[in-house]
Amino acid sequence: MRTIPVTRTSARLVPDPTRVITKPFMPGSEHSVDGRSRVERILSRILALSESEVRTTLSTTQARFSARHVDLRSVFETNFAAVAARHVARSNRLSAERKLLIGAYFTHEYSIESAALSNPSIVPAPDQEGLAPGEQRFVLSLRAIGEGHISSIEFRSGVIDAGGQIEMEAPSRRASTARHRAPVYEKHTFHTKLRELGIYNEIAATVLDALPERFSLEQLETMIREVDQQHGHRPDAAHVTRTIHWLASSNYESSFASDSKISERVLFPTGPTESHGMEDARFVRFTHDDGTVTYFAPYTAYDGYQILPQLIETADFVTFRIATLNGPSARNKGIALFPRMIDGRYAALARLDNENNFLMWSDNVRFWHQSEAIQRPERPWEITQLGNCGSPIETDAGWLVITHGVGAMRQYSLGAILLDKDDPARVIGHLAEPLLEPAADERDGYVPNVLYSCGSMISGGLLVLPYGFSDVGTRIATVRLDDLLAELTRVR
């Protein structure tokens, strides 16, 4: 194989433990000899403070933490309301300062990237205004891993110029999570998913049949309560209604302040399917047949026991819709959408069996039933398993797919294949050797000897390839597109 020159740029991102968000803090529910829970005991001590002590403690807390967060007062108010709803009688009699202080005691900081900042994907930004000729602004998504190995999704932005120089915008010192709301649900989606989960029965039918074709979370919860009251004697009723509510809670919308910086926005696990992490989002700039653009990102939701592929949709990286993916082919990790429809259908790559690359087809971006294996491990550096490293990139020569392969000593390397433009099930080119392997300073980390990417893009004549190294940090490499395509199309 002729060597393909790869340039590792100076862009390098590593975890910053000072980037923190706020989370509700709820102590354990164990009860003391007097029958009170820990929450009740803490509240009783706060309520016993004098107003002077309340003002002093609150003032000190606000002075210490306000600069680290956006609108800390609102956080305290929200967390007070959550505690007061169950544990504070006659809360209207409390002073505003005492309410805020109670909220502060039931709030804590969480370092979102204390362990790792890795597994990136990159897409052209929605806003390309104010750039010099040849420049392109991008959005970089990252898997941030914090305490307890909980993964969230962060963003960075930057500009690449005509010569391949990359300038990363400095991230904001502050980070914040989104406001959430339940969307309007579609009945046929619930029917499909519950059958897929194997729990569609008389109870599920009773809940759904009474609802309109499009319904709200409030309507669903009202119907669930009615069914629980009517069929509570059945041992399967509670399981079915809990699963229906679990499914609804896993589909939601998140939004950030439109004037916030993109590096401040953190998609932190919200739904029950992702309680232990939102992993490896593969963002793609998807152009619809009418020319409109949506950014899609399949990702892996993990609840501590099992994984479930889900989908992020956004037009502006301000408002995001989160939805479950459905169908027998929507399983396992590593789903990556093609950037446009092919012959009137959505197409995606996936690794359904943990070893091989599959091509999937669908008429609906959230439902996947049809799949076929298109690439199996062959080369020594990918014998253990292989998979995609993000969405295919359309070129004149075909669909360029950056891949990862796992070889001896579980080393992850990056490679590339080329798919036929009209028939992407046909692999027409395959690098015989890795495009990129861990360098000496990339081998050590949380998971040693791993290079991994979730998406690349083209800028000018360059392939811009961000990659995570050893589950610690992220770097960005560039490759001349002509060099890579020449090797992939070379007759052997």
# chains A, B, ... in the order shown; residues from 1 in each chain; ligands from 1
$ closest_atom_pairs --of "range 224-296 of chain A" --to "range 153-165 of chain A" --cutoff "8 Å" --atoms "only C-alpha atoms" --output "CSV"
residue,atom,partner,partner_atom,distance
A:Ile262,CA,A:Phe155,CA,6.1
A:Ser263,CA,A:Arg156,CA,5.0
A:Glu264,CA,A:Phe155,CA,7.8
A:Arg265,CA,A:Glu154,CA,6.5
A:Val266,CA,A:Glu154,CA,5.0
A:Leu267,CA,A:Ile153,CA,5.0
A:Phe268,CA,A:Ile153,CA,6.6
A:Met278,CA,A:Ile153,CA,6.7
A:Glu279,CA,A:Ile153,CA,7.6
A:Ala281,CA,A:Ile153,CA,7.5
$ residues_around --residues "Gly103 in chain A" --least-positions-apart "6" --cutoff "7 Å" --atoms "only C-alpha atoms" --output "list in words"
Phe76, Glu77, Asn79 and Phe80 of chain A
$ atom_distance --atom1 "CA of Ala297 in chain A" --atom2 "CA of Ile199 in chain A"
27.9 Å
$ residues_around --residues "Phe215 in chain A" --least-positions-apart "2" --cutoff "8 Å" --atoms "only C-alpha atoms" --output "list in words"
Val184, Tyr185, Glu186, Lys187, Leu211, Pro212, Glu213, Leu217, Gln219 and Leu220 of chain A
$ closest_residue --among "A:Ile102, A:Ala486, A:Ile21, A:Ala439" --to "Leu49 in chain A" --atoms "only C-alpha atoms"
A:Ile102
$ atom_distance --atom1 "CA of Ala89 in chain A" --atom2 "CA of Leu101 in chain A"
16.3 Å
$ closest_residue --among "A:Leu337, A:Ala84, A:Leu435, A:Ala440" --to "Ile4 in chain A" --atoms "only C-alpha atoms"
A:Leu435
$ residues_around --residues "Ser44 in chain A" --least-positions-apart "4" --cutoff "12 Å" --atoms "only C-alpha atoms" --output "NGL selection string"
:A and (36-40 or 48-49 or 87-89 or 102)
$ write_last_selection --atoms "C-alpha atoms" --output "mmCIF file, in the first residue's frame"
data_model
loop_
_atom_site.group_PDB
_atom_site.id
_atom_site.type_symbol
_atom_site.label_atom_id
_atom_site.label_comp_id
_atom_site.auth_asym_id
_atom_site.auth_seq_id
_atom_site.Cartn_x
_atom_site.Cartn_y
_atom_site.Cartn_z
ATOM 1 C CA ARG A 36 -38.054 10.420 59.509
ATOM 2 C CA SER A 37 -36.136 10.161 56.243
ATOM 3 C CA ARG A 38 -32.795 11.896 55.642
ATOM 4 C CA VAL A 39 -34.532 14.527 53.526
ATOM 5 C CA GLU A 40 -36.906 15.294 56.389
ATOM 6 C CA ALA A 48 -34.451 25.633 62.586
ATOM 7 C CA LEU A 49 -31.912 28.219 61.356
ATOM 8 C CA HIS A 87 -41.804 17.321 52.208
ATOM 9 C CA VAL A 88 -42.576 20.960 53.138
ATOM 10 C CA ALA A 89 -45.944 21.824 54.640
ATOM 11 C CA ILE A 102 -33.405 24.807 50.881
#
$ atom_distance --atom1 "CA of Ala301 in chain A" --atom2 "CA of His149 in chain A"
13.2 Å
$ closest_residue --among "A:Arg45, A:Arg282, A:Arg426, A:Arg64" --to "Arg98 in chain A" --atoms "only C-alpha atoms"
A:Arg45
$ select_by_dssp --residues "range 106-243 of chain A" --states "strand (DSSP E)" --output "PyMOL selection string"
chain A and resi 107-111+116-124+136-145+151-160+166-168+176-177+179-181+185-186+214-215
$ residues_around --residues "Glu487 in chain A" --least-positions-apart "5" --cutoff "12 Å" --atoms "only C-alpha atoms" --output "number ranges by chain"
A: 1-5, 397, 400, 415-418, 428-435, 480-482, 492
$ write_last_selection --atoms "C-alpha atoms" --output "CSV table (one decimal), in the first residue's frame"
chain,number,residue,atom,x,y,z
A,1,MET,CA,0.0,0.0,0.0
A,2,ARG,CA,1.2,3.5,-0.8
A,3,THR,CA,1.3,5.6,2.3
A,4,ILE,CA,-1.5,8.2,2.6
A,5,PRO,CA,-0.2,11.3,4.2
A,397,ALA,CA,-16.1,8.4,-6.7
A,400,LEU,CA,-16.6,7.4,1.5
A,415,GLY,CA,-9.6,2.7,8.0
A,416,ALA,CA,-11.8,3.5,5.0
A,417,ILE,CA,-14.0,1.9,2.5
A,418,LEU,CA,-15.7,3.2,-0.6
A,428,ILE,CA,-15.8,-0.9,-4.4
A,429,GLY,CA,-12.7,0.0,-2.4
A,430,HIS,CA,-11.1,-0.9,0.9
A,431,LEU,CA,-7.8,0.3,2.4
A,432,ALA,CA,-5.5,-2.7,2.9
A,433,GLU,CA,-3.8,-1.0,5.9
A,434,PRO,CA,-5.1,1.4,8.5
A,435,LEU,CA,-5.4,5.1,7.7
A,480,ARG,CA,-6.1,15.1,1.2
A,481,LEU,CA,-9.3,13.7,-0.3
A,482,ASP,CA,-7.7,13.0,-3.6
A,492,ARG,CA,-5.0,-4.1,-7.2
$ closest_residue --among "A:Ala315, A:Ala237, A:Met223, A:Ile393" --to "Arg340 in chain A" --atoms "only C-alpha atoms"
A:Ile393
$ residues_around --residues "Pro269 in chain A" --least-positions-apart "4" --cutoff "7 Å" --atoms "only C-alpha atoms" --output "list in words"
Ser152, Glu274, Ser275, Gly277 and Met278 of chain A
$ closest_residue --among "A:Arg179, A:Thr273, A:Phe286, A:Thr294" --to "Ile307 in chain A" --atoms "only C-alpha atoms"
A:Thr273
$ select_by_dssp --residues "range 395-486 of chain A" --states "helix (DSSP H, G or I)" --output "MDAnalysis selection string"
chainID A and resid 408:410 440:442 481:486
$ closest_residue --among "A:Ala81, A:Ile383, A:Val450, A:Ala178" --to "Leu414 in chain A" --atoms "only C-alpha atoms"
A:Val450
$ closest_atom_pairs --of "range 297-353 of chain A" --to "range 133-144 of chain A" --cutoff "12 Å" --atoms "only C-alpha atoms" --output "JSON lines"
{"residue": "A:Ala297", "atom": "CA", "partner": "A:Ser141", "partner_atom": "CA", "distance": 9.9}
{"residue": "A:Tyr299", "atom": "CA", "partner": "A:Arg143", "partner_atom": "CA", "distance": 10.3}
{"residue": "A:Thr300", "atom": "CA", "partner": "A:Arg143", "partner_atom": "CA", "distance": 11.0}
{"residue": "A:Asp316", "atom": "CA", "partner": "A:Val139", "partner_atom": "CA", "distance": 10.7}
{"residue": "A:Phe317", "atom": "CA", "partner": "A:Val139", "partner_atom": "CA", "distance": 9.1}
$ write_last_selection --atoms "C-alpha atoms" --output "PDB file, in the first residue's frame"
ATOM      1  CA  ALA A 297     -27.609  12.055  15.283  1.00  0.00           C
ATOM      2  CA  TYR A 299     -26.735   7.684  19.569  1.00  0.00           C
ATOM      3  CA  THR A 300     -26.604   4.908  22.133  1.00  0.00           C
ATOM      4  CA  ASP A 316     -30.123  24.879  14.856  1.00  0.00           C
ATOM      5  CA  PHE A 317     -28.345  23.144  17.800  1.00  0.00           C
TER       6      PHE A 317
END
